[in-house]
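Have a look at the structure below before the remarks.
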Amino acid sequence: MHDHFQALLDLHEVNAQRQRLIKQRQGREQALAEAQQRHNAAQAAADEARNKVANTDALIRQYQADVERCVATMASLREQQMSAKTNKEYLSIINGIEEVKSERSLREQSLESLQSKVNNLQEEAKALQQVADELASAVTEAQAAIDLATDSDDGEAALQRIYDEKKVAVDAKILEHYERLIAANHPMPLMRVDPVSRATPLGTIISHNHLEQIRIGRMITEATNNAILYLDE
């Protein structure tokens, strides 16, 4: 095997270990990001439900004040009714009392409806907050998994140092092509060519000329997927 490809295979072995740790780390980071996103959405829904409760509470207080005002107005009108001096004044007061009674009845009905709505909203807010709290625990667990993975992080850093050291020995053109394949998540960036049949793992047969070029250390790529071909004789 030519030195170019031996150096590349050595690098690829280190890179395979490095990529495994990278994917594990990225998986942990993605799990944390997704857990945080789910928690944020659930917390926003719980907060919105509580805001609806608060807004409805304000309307309830307004209606309660209206009922109290109606009660006070009715009491005042009844006092005026006792001292009415003419039939016209008496009837006017009676009409006023009926109008206030009607307004009070409407407000009391609205209060009953709103109180039922508030009760439902409070239950909804409670349930949504429970979901948000459970998802917050999932965020904590995902973060803990990251915090506990210090050995993996150290291993990734060590492999990165080894990778950087070994890639110096790889032909620059071959290294550039290899790293493009790795960045593209190529499933098999290196492919062994059978020295007798000249076949690749995909069944492609390369020419005698290409076989000789590989032997002298030149980069030849597989025709269908651009993988780097090498000989191990």
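We label chains A, B, ... in the order they appear in the structure tokens, count residues from 1 in each chain, and number ligands from 1 in the order shown.
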
Range 169-172 of chain A: which residues within 10 Å, counting only C-alpha atoms, same-chain residues fewer than 3 positions away excluded, as a VMD selection string? chain A and resid 3 to 11 164 to 166 175 to 178 217 to 219

Mind writing the picked residues with all heavy atoms as a compact mmCIF listing (two decimals), in the first residue's frame?
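Result went into result-v6.txt, see below:
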# COMPACT_ATOMS: atom_id res chain seq x y z
N ASP A 3 2.21 4.94 0.73
CA ASP A 3 2.24 5.71 1.99
C ASP A 3 1.08 6.71 2.08
O ASP A 3 0.57 6.98 3.17
CB ASP A 3 3.56 6.46 2.12
CG ASP A 3 4.73 5.53 2.38
OD1 ASP A 3 4.47 4.34 2.70
OD2 ASP A 3 5.89 5.97 2.25
N HIS A 4 0.69 7.29 0.94
CA HIS A 4 -0.41 8.26 0.95
C HIS A 4 -1.68 7.64 1.53
O HIS A 4 -2.39 8.26 2.35
CB HIS A 4 -0.71 8.74 -0.48
CG HIS A 4 0.29 9.71 -1.00
ND1 HIS A 4 0.23 10.24 -2.27
CD2 HIS A 4 1.40 10.26 -0.44
CE1 HIS A 4 1.25 11.06 -2.46
NE2 HIS A 4 1.97 11.07 -1.35
N PHE A 5 -1.96 6.41 1.11
CA PHE A 5 -3.20 5.76 1.54
C PHE A 5 -3.07 5.14 2.92
O PHE A 5 -4.07 5.05 3.65
CB PHE A 5 -3.64 4.74 0.49
CG PHE A 5 -3.91 5.38 -0.84
CD1 PHE A 5 -3.06 5.15 -1.92
CD2 PHE A 5 -4.97 6.25 -1.01
CE1 PHE A 5 -3.30 5.76 -3.14
CE2 PHE A 5 -5.20 6.86 -2.23
CZ PHE A 5 -4.36 6.63 -3.31
N GLN A 6 -1.85 4.71 3.29
CA GLN A 6 -1.65 4.23 4.64
C GLN A 6 -1.88 5.36 5.65
O GLN A 6 -2.53 5.18 6.68
CB GLN A 6 -0.24 3.66 4.82
CG GLN A 6 -0.01 3.02 6.18
CD GLN A 6 -0.96 1.86 6.45
OE1 GLN A 6 -0.95 0.86 5.74
NE2 GLN A 6 -1.80 2.00 7.48
N ALA A 7 -1.36 6.54 5.32
CA ALA A 7 -1.56 7.70 6.19
C ALA A 7 -3.04 8.07 6.26
O ALA A 7 -3.56 8.43 7.32
CB ALA A 7 -0.74 8.89 5.67
N LEU A 8 -3.72 7.96 5.11
CA LEU A 8 -5.15 8.29 5.08
C LEU A 8 -5.96 7.28 5.89
O LEU A 8 -6.88 7.67 6.63
CB LEU A 8 -5.64 8.32 3.63
CG LEU A 8 -7.12 8.67 3.44
CD1 LEU A 8 -7.42 10.06 3.98
CD2 LEU A 8 -7.51 8.58 1.96
N LEU A 9 -5.63 6.00 5.79
CA LEU A 9 -6.34 4.99 6.58
C LEU A 9 -6.12 5.18 8.07
O LEU A 9 -7.05 5.01 8.88
CB LEU A 9 -5.89 3.58 6.16
CG LEU A 9 -6.44 3.08 4.81
CD1 LEU A 9 -5.73 1.81 4.40
CD2 LEU A 9 -7.94 2.86 4.90
N ASP A 10 -4.89 5.54 8.44
CA ASP A 10 -4.61 5.82 9.86
C ASP A 10 -5.46 6.99 10.34
O ASP A 10 -6.02 6.97 11.44
CB ASP A 10 -3.12 6.14 10.05
CG ASP A 10 -2.24 4.92 9.86
OD1 ASP A 10 -2.77 3.79 9.85
OD2 ASP A 10 -1.01 5.10 9.69
N LEU A 11 -5.54 8.01 9.49
CA LEU A 11 -6.34 9.19 9.82
C LEU A 11 -7.82 8.82 9.92
O LEU A 11 -8.53 9.27 10.83
CB LEU A 11 -6.14 10.27 8.76
CG LEU A 11 -6.89 11.60 9.00
CD1 LEU A 11 -6.27 12.35 10.17
CD2 LEU A 11 -6.86 12.46 7.74
N ASP A 164 -5.45 16.08 14.13
CA ASP A 164 -4.69 17.21 13.58
C ASP A 164 -3.23 16.83 13.35
O ASP A 164 -2.60 17.30 12.39
CB ASP A 164 -4.78 18.41 14.53
CG ASP A 164 -6.19 19.01 14.57
OD1 ASP A 164 -6.96 18.79 13.61
OD2 ASP A 164 -6.52 19.68 15.57
N GLU A 165 -2.68 15.99 14.23
CA GLU A 165 -1.29 15.55 14.06
C GLU A 165 -1.14 14.62 12.87
O GLU A 165 -0.20 14.74 12.08
CB GLU A 165 -0.81 14.84 15.34
CG GLU A 165 -0.69 15.77 16.54
CD GLU A 165 -0.48 15.01 17.84
OE1 GLU A 165 -0.45 13.75 17.79
OE2 GLU A 165 -0.36 15.65 18.92
N LYS A 166 -2.08 13.68 12.71
CA LYS A 166 -1.98 12.68 11.66
C LYS A 166 -2.28 13.25 10.28
O LYS A 166 -1.75 12.76 9.27
CB LYS A 166 -2.91 11.50 11.95
CG LYS A 166 -2.39 10.57 13.05
CD LYS A 166 -3.27 9.36 13.21
CE LYS A 166 -2.66 8.37 14.19
NZ LYS A 166 -1.41 7.76 13.68
N LEU A 175 -6.40 14.79 1.27
CA LEU A 175 -7.01 15.23 2.53
C LEU A 175 -8.19 16.15 2.28
O LEU A 175 -9.25 16.01 2.91
CB LEU A 175 -5.96 15.94 3.39
CG LEU A 175 -6.49 16.53 4.71
CD1 LEU A 175 -6.97 15.43 5.64
CD2 LEU A 175 -5.40 17.38 5.39
N GLU A 176 -8.03 17.09 1.36
CA GLU A 176 -9.12 18.02 1.05
C GLU A 176 -10.36 17.27 0.57
O GLU A 176 -11.48 17.55 1.00
CB GLU A 176 -8.66 19.01 -0.02
CG GLU A 176 -9.73 20.04 -0.39
CD GLU A 176 -9.28 20.98 -1.50
OE1 GLU A 176 -8.15 20.81 -2.01
OE2 GLU A 176 -10.07 21.88 -1.86
N HIS A 177 -10.15 16.30 -0.33
CA HIS A 177 -11.28 15.53 -0.84
C HIS A 177 -11.91 14.68 0.27
O HIS A 177 -13.15 14.61 0.39
CB HIS A 177 -10.81 14.62 -1.99
CG HIS A 177 -11.93 13.94 -2.69
ND1 HIS A 177 -12.68 14.55 -3.68
CD2 HIS A 177 -12.44 12.67 -2.56
CE1 HIS A 177 -13.59 13.71 -4.12
NE2 HIS A 177 -13.46 12.55 -3.46
N TYR A 178 -11.07 14.07 1.09
CA TYR A 178 -11.56 13.23 2.19
C TYR A 178 -12.41 14.05 3.15
O TYR A 178 -13.52 13.62 3.55
CB TYR A 178 -10.37 12.60 2.92
CG TYR A 178 -10.75 11.90 4.21
CD1 TYR A 178 -11.36 10.65 4.18
CD2 TYR A 178 -10.48 12.49 5.44
CE1 TYR A 178 -11.70 10.00 5.35
CE2 TYR A 178 -10.82 11.84 6.62
CZ TYR A 178 -11.43 10.60 6.58
OH TYR A 178 -11.78 9.96 7.75
N GLY A 217 0.22 6.13 -5.72
CA GLY A 217 -0.17 7.14 -4.73
C GLY A 217 -1.04 8.26 -5.25
O GLY A 217 -1.26 9.25 -4.54
N ARG A 218 -1.59 8.14 -6.44
CA ARG A 218 -2.48 9.18 -6.96
C ARG A 218 -3.93 8.89 -6.56
O ARG A 218 -4.33 7.74 -6.43
CB ARG A 218 -2.37 9.26 -8.49
CG ARG A 218 -1.02 9.80 -8.96
CD ARG A 218 -0.96 9.91 -10.46
NE ARG A 218 0.35 10.43 -10.88
CZ ARG A 218 0.73 10.51 -12.15
NH1 ARG A 218 -0.07 10.09 -13.14
NH2 ARG A 218 1.93 10.99 -12.45
N MET A 219 -4.68 9.95 -6.40
CA MET A 219 -6.06 9.78 -5.94
C MET A 219 -6.98 9.46 -7.11
O MET A 219 -7.04 10.20 -8.09
CB MET A 219 -6.56 11.05 -5.24
CG MET A 219 -7.98 10.90 -4.68
SD MET A 219 -8.55 12.35 -3.77
CE MET A 219 -8.77 13.53 -5.13

List every residue of range 12-225 of chain A that DSSP, applied to the backbone of this structure, places in strand (DSSP E), and write the result as a PDB file with N, CA and C atoms, in the first residue's frame.
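So selection-v3.pdb came out as:
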ATOM      1  N   LEU A 190     -13.820   5.899   2.079  1.00  0.00           N
ATOM      2  CA  LEU A 190     -12.693   5.130   1.547  1.00  0.00           C
ATOM      3  C   LEU A 190     -13.201   3.763   1.092  1.00  0.00           C
ATOM      4  N   MET A 191     -12.762   3.345  -0.107  1.00  0.00           N
ATOM      5  CA  MET A 191     -13.171   2.047  -0.631  1.00  0.00           C
ATOM      6  C   MET A 191     -11.954   1.254  -1.098  1.00  0.00           C
ATOM      7  N   ARG A 192     -11.860   0.032  -0.631  1.00  0.00           N
ATOM      8  CA  ARG A 192     -10.752  -0.850  -1.036  1.00  0.00           C
ATOM      9  C   ARG A 192     -11.045  -1.459  -2.406  1.00  0.00           C
ATOM     10  N   VAL A 193     -10.043  -1.444  -3.247  1.00  0.00           N
ATOM     11  CA  VAL A 193     -10.137  -2.085  -4.557  1.00  0.00           C
ATOM     12  C   VAL A 193      -9.450  -3.446  -4.491  1.00  0.00           C
TER      13      VAL A 193
END

Nearest to Val139 in chain A: which of A:Leu114, A:Asn226, A:Glu34, A:Glu123 is it, counting only C-alpha atoms? A:Glu34
